[in-house]
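Structure first, commentary second.
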Amino acid sequence: MGDKTDVKKVVEKVAQALVENTIEIPEIVVIPTRDVTFGYKDFDLDGLESKRYQPISDQILIRTLRTESQRELARAVGGAREAQVENYIVRHLIAFDTIDYDSHADLLYKLAGQVVGHLRSYLSTEDDVENVALNHGKEWADFIFQQMKDHYWETPTDYRAKVTRGFRVLNAQNFNVSGADRIRDLKNGVTPRSDTRKHVFNGLKKCGYPYQKFDSDDERRFAVLIDGDFEKSVRRWIKPGARQFQIEYASGQAYEPDFVVETDTEKLIVEIKARNEMTDEIVLAKARAAAEWVKYANEHATANGGKSWGYLLVPGDAITESATLAGLIASHRRE
């Protein structure tokens, strides 16, 4: 018979380990409450003079090499004939997912009309105008749509949030690796960097999990920054698992933050993105939804004496060897 278990000490040790390795995250459900509407502002096309498509011959030349004779056949022009020349372009425009014909018909015909007017300015006959509109309708539609995207508008999404519990237990995380060579120390990057997501990293000092995976080398380098001894204000951090947060940035579309970091004074949701993704509509929609979550988390923290929350949207190229968490907070905090 062994010594009698000291239940009190076991409970104390487990409780201490839980506190030291867990970030207290309230359970807040954020969902969109309004359908997003969108459209395109009225505008005129630019750069038409740079496009001068020429008619395609409707004759097929047949040459017999043995007899050195040749003859021509009339070629059947593909596609249904349209009563209005603009239709050859509009029918390609309405194939784009973000163009609704009923809502945008007036603008579509106005822009297609400007193209047809340009064709008439340098082509001598109506047959040539129709020929170019028919055979190059897709190219003209692409030309118009590229400019329409610059005049796109969208109503912002409203969100509804509800605090369901003051504390949410961290979800377990499981990682599959193909071999021991796929497990690396956090400080050791992967070559090529695009293979970072294929590896699992250990050697974590302040993370709530013993292993972590990263979607990019930018994320790994941010983890090195907050995990190191230099960042003494960082108490602990995690990469949240699936469904750790209940944030929808669009109907049925869940947002999973990249990092949660707890410092001596606050808690942060951190999103790491490439510089060219910082103005992406989906990235901004996620940021708006996260800001709503943070607002309710701060109300809960104020009412219960907890730490305040913040949200950072950080470009990957800002994570340099000289970067600090305080500097990133000052430059990239979102309200």
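By order in the structure tokens, chains are A, B, ...; within a chain, residues start at 1; ligands start at 1, following the order shown.
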### Task
Name all residues at most 12 Å from Glu82 (chain A) (count only C-alpha atoms; drop same-chain ones fewer than 4 positions away) and give them as a PyMOL selection string.
chain A and resi 78+86-91+130-131+133-134
Any chance you could export the current selection's N, CA and C atoms as a CSV table (one decimal), in the first residue's frame?
```
chain,number,residue,atom,x,y,z
A,78,GLY,N,-20.3,32.7,-84.8
A,78,GLY,CA,-20.8,32.0,-83.6
A,78,GLY,C,-21.6,32.9,-82.7
A,86,GLU,N,-25.2,46.6,-77.9
A,86,GLU,CA,-24.8,46.6,-76.5
A,86,GLU,C,-24.9,45.2,-75.8
A,87,ASN,N,-25.9,44.5,-76.3
A,87,ASN,CA,-26.2,43.2,-75.7
A,87,ASN,C,-25.1,42.2,-75.8
A,88,TYR,N,-24.2,42.3,-76.8
A,88,TYR,CA,-23.1,41.4,-77.0
A,88,TYR,C,-22.1,41.6,-75.8
A,89,ILE,N,-22.1,42.8,-75.2
A,89,ILE,CA,-21.2,43.0,-74.1
A,89,ILE,C,-21.9,42.8,-72.8
A,90,VAL,N,-23.2,43.2,-72.7
A,90,VAL,CA,-23.9,43.0,-71.4
A,90,VAL,C,-24.1,41.6,-71.0
A,91,ARG,N,-24.3,40.7,-72.0
A,91,ARG,CA,-24.5,39.3,-71.7
A,91,ARG,C,-23.3,38.7,-71.0
A,130,GLU,N,-20.7,45.6,-85.1
A,130,GLU,CA,-21.3,44.4,-84.5
A,130,GLU,C,-20.3,43.3,-84.5
A,131,ASN,N,-19.4,43.2,-85.5
A,131,ASN,CA,-18.4,42.1,-85.5
A,131,ASN,C,-17.5,42.2,-84.3
A,133,ALA,N,-18.0,43.8,-81.5
A,133,ALA,CA,-18.8,43.7,-80.2
A,133,ALA,C,-19.1,42.2,-80.0
A,134,LEU,N,-19.4,41.4,-81.0
A,134,LEU,CA,-19.7,40.0,-80.9
A,134,LEU,C,-18.4,39.2,-80.6
```
### Expected answer as a PyMOL selection string: helix (DSSP H, G or I) residues in region 109-185 of chain A
chain A and resi 109-122+126-135+137-151+180-182
### Query
Contacts of Glu256 (chain A) at 8 Å or less, counting only C-alpha atoms, minus same-chain residues fewer than 4 places along, as number ranges by chain?
A: 240-245, 247
### Message
I need the residue nearest Ile28 (chain A) from this list: A:Gln246, A:Thr324, A:Ser251, A:Thr196. Use only C-alpha atoms for the distance.
### Response
A:Gln246
### Message
I need the residues in region 193-323 of chain A that are strand (DSSP E or B) according to DSSP; give them as a ChimeraX atom specification.
### Response
/A:200-202,207,212,234-238,246-250,253-254,259-263,266-273,308-315
Considering only C-alpha atoms, give me a table of residues in region 243-297 of chain A that are at most 9 Å from region 214-226 of chain A, with the closest atom pair and distance in Å for each, as a Markdown table.
```
| residue | atom | partner | partner_atom | distance |
| --- | --- | --- | --- | --- |
| A:Asp258 | CA | A:Glu219 | CA | 7.9 |
| A:Phe259 | CA | A:Ala223 | CA | 8.7 |
| A:Val261 | CA | A:Ile226 | CA | 8.2 |
| A:Glu271 | CA | A:Glu219 | CA | 8.8 |
| A:Ile272 | CA | A:Glu219 | CA | 6.3 |
| A:Lys273 | CA | A:Asp218 | CA | 7.9 |
| A:Ala274 | CA | A:Asp218 | CA | 8.1 |
```
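Those residues that approach Gln173 (chain A) to within 12 Å, counting only C-alpha atoms, are A:Leu170, A:Asn171, A:Phe175, A:Asn176, A:Val200, A:Gly208, A:Tyr209, A:Pro210, A:Tyr211, A:Gln212, A:Lys213, A:Ile238, A:Lys239, A:Pro240, A:Gly241, A:Ala242, A:Arg243, A:Gln244; same-chain residues fewer than 2 positions away are not listed.
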Can those selected residues be exported to a file as an mmCIF file, in the first residue's frame so that it contains N, CA, C and O atoms?
```
data_model
loop_
_atom_site.group_PDB
_atom_site.id
_atom_site.type_symbol
_atom_site.label_atom_id
_atom_site.label_comp_id
_atom_site.auth_asym_id
_atom_site.auth_seq_id
_atom_site.Cartn_x
_atom_site.Cartn_y
_atom_site.Cartn_z
ATOM 1 N N LEU A 170 -10.267 26.300 -22.581
ATOM 2 C CA LEU A 170 -9.542 26.168 -23.842
ATOM 3 C C LEU A 170 -9.784 24.798 -24.454
ATOM 4 O O LEU A 170 -9.716 23.776 -23.776
ATOM 5 N N ASN A 171 -10.066 24.797 -25.752
ATOM 6 C CA ASN A 171 -10.301 23.545 -26.458
ATOM 7 C C ASN A 171 -8.989 22.782 -26.657
ATOM 8 O O ASN A 171 -7.928 23.381 -26.857
ATOM 9 N N PHE A 175 -2.585 17.669 -33.492
ATOM 10 C CA PHE A 175 -1.856 17.917 -34.723
ATOM 11 C C PHE A 175 -1.341 16.607 -35.297
ATOM 12 O O PHE A 175 -0.842 15.756 -34.562
ATOM 13 N N ASN A 176 -1.477 16.472 -36.605
ATOM 14 C CA ASN A 176 -0.926 15.307 -37.297
ATOM 15 C C ASN A 176 0.379 15.705 -37.979
ATOM 16 O O ASN A 176 0.451 16.726 -38.666
ATOM 17 N N VAL A 200 4.988 21.270 -37.150
ATOM 18 C CA VAL A 200 4.530 21.550 -35.783
ATOM 19 C C VAL A 200 5.732 22.068 -35.008
ATOM 20 O O VAL A 200 6.851 21.577 -35.188
ATOM 21 N N GLY A 208 -0.035 28.354 -23.955
ATOM 22 C CA GLY A 208 -0.900 27.474 -23.179
ATOM 23 C C GLY A 208 -0.911 26.048 -23.692
ATOM 24 O O GLY A 208 -1.497 25.167 -23.055
ATOM 25 N N TYR A 209 -0.281 25.793 -24.826
ATOM 26 C CA TYR A 209 -0.183 24.454 -25.409
ATOM 27 C C TYR A 209 1.288 24.103 -25.623
ATOM 28 O O TYR A 209 2.104 24.990 -25.909
ATOM 29 N N PRO A 210 1.656 22.840 -25.544
ATOM 30 C CA PRO A 210 3.065 22.461 -25.745
ATOM 31 C C PRO A 210 3.496 22.487 -27.207
ATOM 32 O O PRO A 210 4.683 22.559 -27.502
ATOM 33 N N TYR A 211 2.532 22.401 -28.125
ATOM 34 C CA TYR A 211 2.831 22.425 -29.552
ATOM 35 C C TYR A 211 1.903 23.413 -30.237
ATOM 36 O O TYR A 211 0.775 23.640 -29.793
ATOM 37 N N GLN A 212 2.367 23.978 -31.368
ATOM 38 C CA GLN A 212 1.545 24.883 -32.158
ATOM 39 C C GLN A 212 1.876 24.737 -33.635
ATOM 40 O O GLN A 212 3.006 24.399 -34.009
ATOM 41 N N LYS A 213 0.881 25.021 -34.467
ATOM 42 C CA LYS A 213 1.082 25.105 -35.910
ATOM 43 C C LYS A 213 0.799 26.541 -36.344
ATOM 44 O O LYS A 213 0.030 27.261 -35.709
ATOM 45 N N ILE A 238 -1.797 32.014 -26.822
ATOM 46 C CA ILE A 238 -2.260 30.801 -27.493
ATOM 47 C C ILE A 238 -2.624 31.140 -28.934
ATOM 48 O O ILE A 238 -2.861 32.301 -29.275
ATOM 49 N N LYS A 239 -2.627 30.122 -29.762
ATOM 50 C CA LYS A 239 -3.328 30.184 -31.040
ATOM 51 C C LYS A 239 -4.630 29.424 -30.828
ATOM 52 O O LYS A 239 -4.605 28.206 -30.632
ATOM 53 N N PRO A 240 -5.761 30.120 -30.845
ATOM 54 C CA PRO A 240 -7.022 29.461 -30.503
ATOM 55 C C PRO A 240 -7.331 28.303 -31.446
ATOM 56 O O PRO A 240 -7.073 28.367 -32.649
ATOM 57 N N GLY A 241 -7.902 27.255 -30.886
ATOM 58 C CA GLY A 241 -8.343 26.133 -31.696
ATOM 59 C C GLY A 241 -9.664 26.436 -32.379
ATOM 60 O O GLY A 241 -10.274 27.493 -32.180
ATOM 61 N N ALA A 242 -10.106 25.514 -33.208
ATOM 62 C CA ALA A 242 -11.382 25.670 -33.913
ATOM 63 C C ALA A 242 -12.524 25.816 -32.914
ATOM 64 O O ALA A 242 -12.575 25.126 -31.907
ATOM 65 N N ARG A 243 -13.406 26.757 -33.193
ATOM 66 C CA ARG A 243 -14.613 27.021 -32.403
ATOM 67 C C ARG A 243 -14.296 27.509 -30.979
ATOM 68 O O ARG A 243 -15.151 27.467 -30.114
ATOM 69 N N GLN A 244 -13.055 27.973 -30.758
ATOM 70 C CA GLN A 244 -12.747 28.578 -29.458
ATOM 71 C C GLN A 244 -13.507 29.893 -29.299
ATOM 72 O O GLN A 244 -13.985 30.243 -28.228
#
```
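Put simply, CA of Phe230 (chain A) is 25.8 Å away from CA of Thr191 (chain A).
One distance worth recording is that between CA of Arg334 (chain A) and CA of Ala161 (chain A), which is 18.3 Å.
Taking only C-alpha atoms into account, Glu262 (chain A) lies nearest to A:Glu24 out of the set A:Ser103, A:Gln114, A:Val190, A:Glu24.
If only C-alpha atoms are the atoms counted, then among A:Glu266, A:Glu335, A:Asp97, A:Glu281 the closest residue to Ala301 (chain A) is A:Glu266.
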Using only C-alpha atoms, which protein or nucleic acid residues come within 9 Å of Ile144 (chain A)? Drop anything in the same chain fewer than 4 positions from it, and give the result as an mmCIF file with N, CA, C and O atoms, in the first residue's frame.
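New file result13.cif:
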```cif
data_model
loop_
_atom_site.group_PDB
_atom_site.id
_atom_site.type_symbol
_atom_site.label_atom_id
_atom_site.label_comp_id
_atom_site.auth_asym_id
_atom_site.auth_seq_id
_atom_site.Cartn_x
_atom_site.Cartn_y
_atom_site.Cartn_z
ATOM 1 N N LEU A 45 -16.461 55.414 -68.328
ATOM 2 C CA LEU A 45 -15.274 54.596 -68.584
ATOM 3 C C LEU A 45 -14.064 55.457 -68.933
ATOM 4 O O LEU A 45 -14.182 56.485 -69.612
ATOM 5 N N LEU A 93 -21.225 40.661 -69.072
ATOM 6 C CA LEU A 93 -21.153 41.357 -67.790
ATOM 7 C C LEU A 93 -22.009 40.685 -66.722
ATOM 8 O O LEU A 93 -21.604 40.549 -65.572
ATOM 9 N N LEU A 108 -25.108 49.152 -66.674
ATOM 10 C CA LEU A 108 -24.493 48.238 -67.631
ATOM 11 C C LEU A 108 -24.695 48.713 -69.065
ATOM 12 O O LEU A 108 -23.755 48.702 -69.875
ATOM 13 N N LEU A 111 -22.567 51.886 -69.812
ATOM 14 C CA LEU A 111 -21.154 51.606 -70.057
ATOM 15 C C LEU A 111 -20.946 50.857 -71.362
ATOM 16 O O LEU A 111 -20.003 51.143 -72.113
ATOM 17 N N ALA A 112 -21.819 49.885 -71.645
ATOM 18 C CA ALA A 112 -21.732 49.171 -72.922
ATOM 19 C C ALA A 112 -21.968 50.134 -74.076
ATOM 20 O O ALA A 112 -21.330 50.026 -75.132
ATOM 21 N N VAL A 115 -18.844 51.918 -74.914
ATOM 22 C CA VAL A 115 -17.958 51.068 -75.718
ATOM 23 C C VAL A 115 -18.401 51.083 -77.176
ATOM 24 O O VAL A 115 -17.575 51.238 -78.093
ATOM 25 N N GLU A 139 -13.813 40.392 -73.813
ATOM 26 C CA GLU A 139 -12.724 41.300 -73.469
ATOM 27 C C GLU A 139 -13.247 42.658 -73.028
ATOM 28 O O GLU A 139 -12.760 43.246 -72.051
ATOM 29 N N TRP A 140 -14.294 43.156 -73.732
ATOM 30 C CA TRP A 140 -14.877 44.440 -73.335
ATOM 31 C C TRP A 140 -15.554 44.339 -71.968
ATOM 32 O O TRP A 140 -15.471 45.264 -71.157
ATOM 33 N N MET A 148 -15.569 48.887 -62.861
ATOM 34 C CA MET A 148 -16.722 48.850 -61.954
ATOM 35 C C MET A 148 -16.284 48.538 -60.527
ATOM 36 O O MET A 148 -16.846 49.069 -59.556
ATOM 37 N N LYS A 149 -15.274 47.666 -60.385
ATOM 38 C CA LYS A 149 -14.802 47.304 -59.053
ATOM 39 C C LYS A 149 -14.268 48.509 -58.286
ATOM 40 O O LYS A 149 -14.321 48.550 -57.054
#
```
### Query
Counting only C-alpha atoms, what is within 12 Å of Gln147 (chain A), bar same-chain residues fewer than 5 positions away, as a list in words?
Tyr40, Lys41, Asp42, Phe43, Asp44, Leu45, Asp46, Gly47, Leu48, Leu108, Leu111, Trp140, Ala141, Asp142 and Tyr152 of chain A
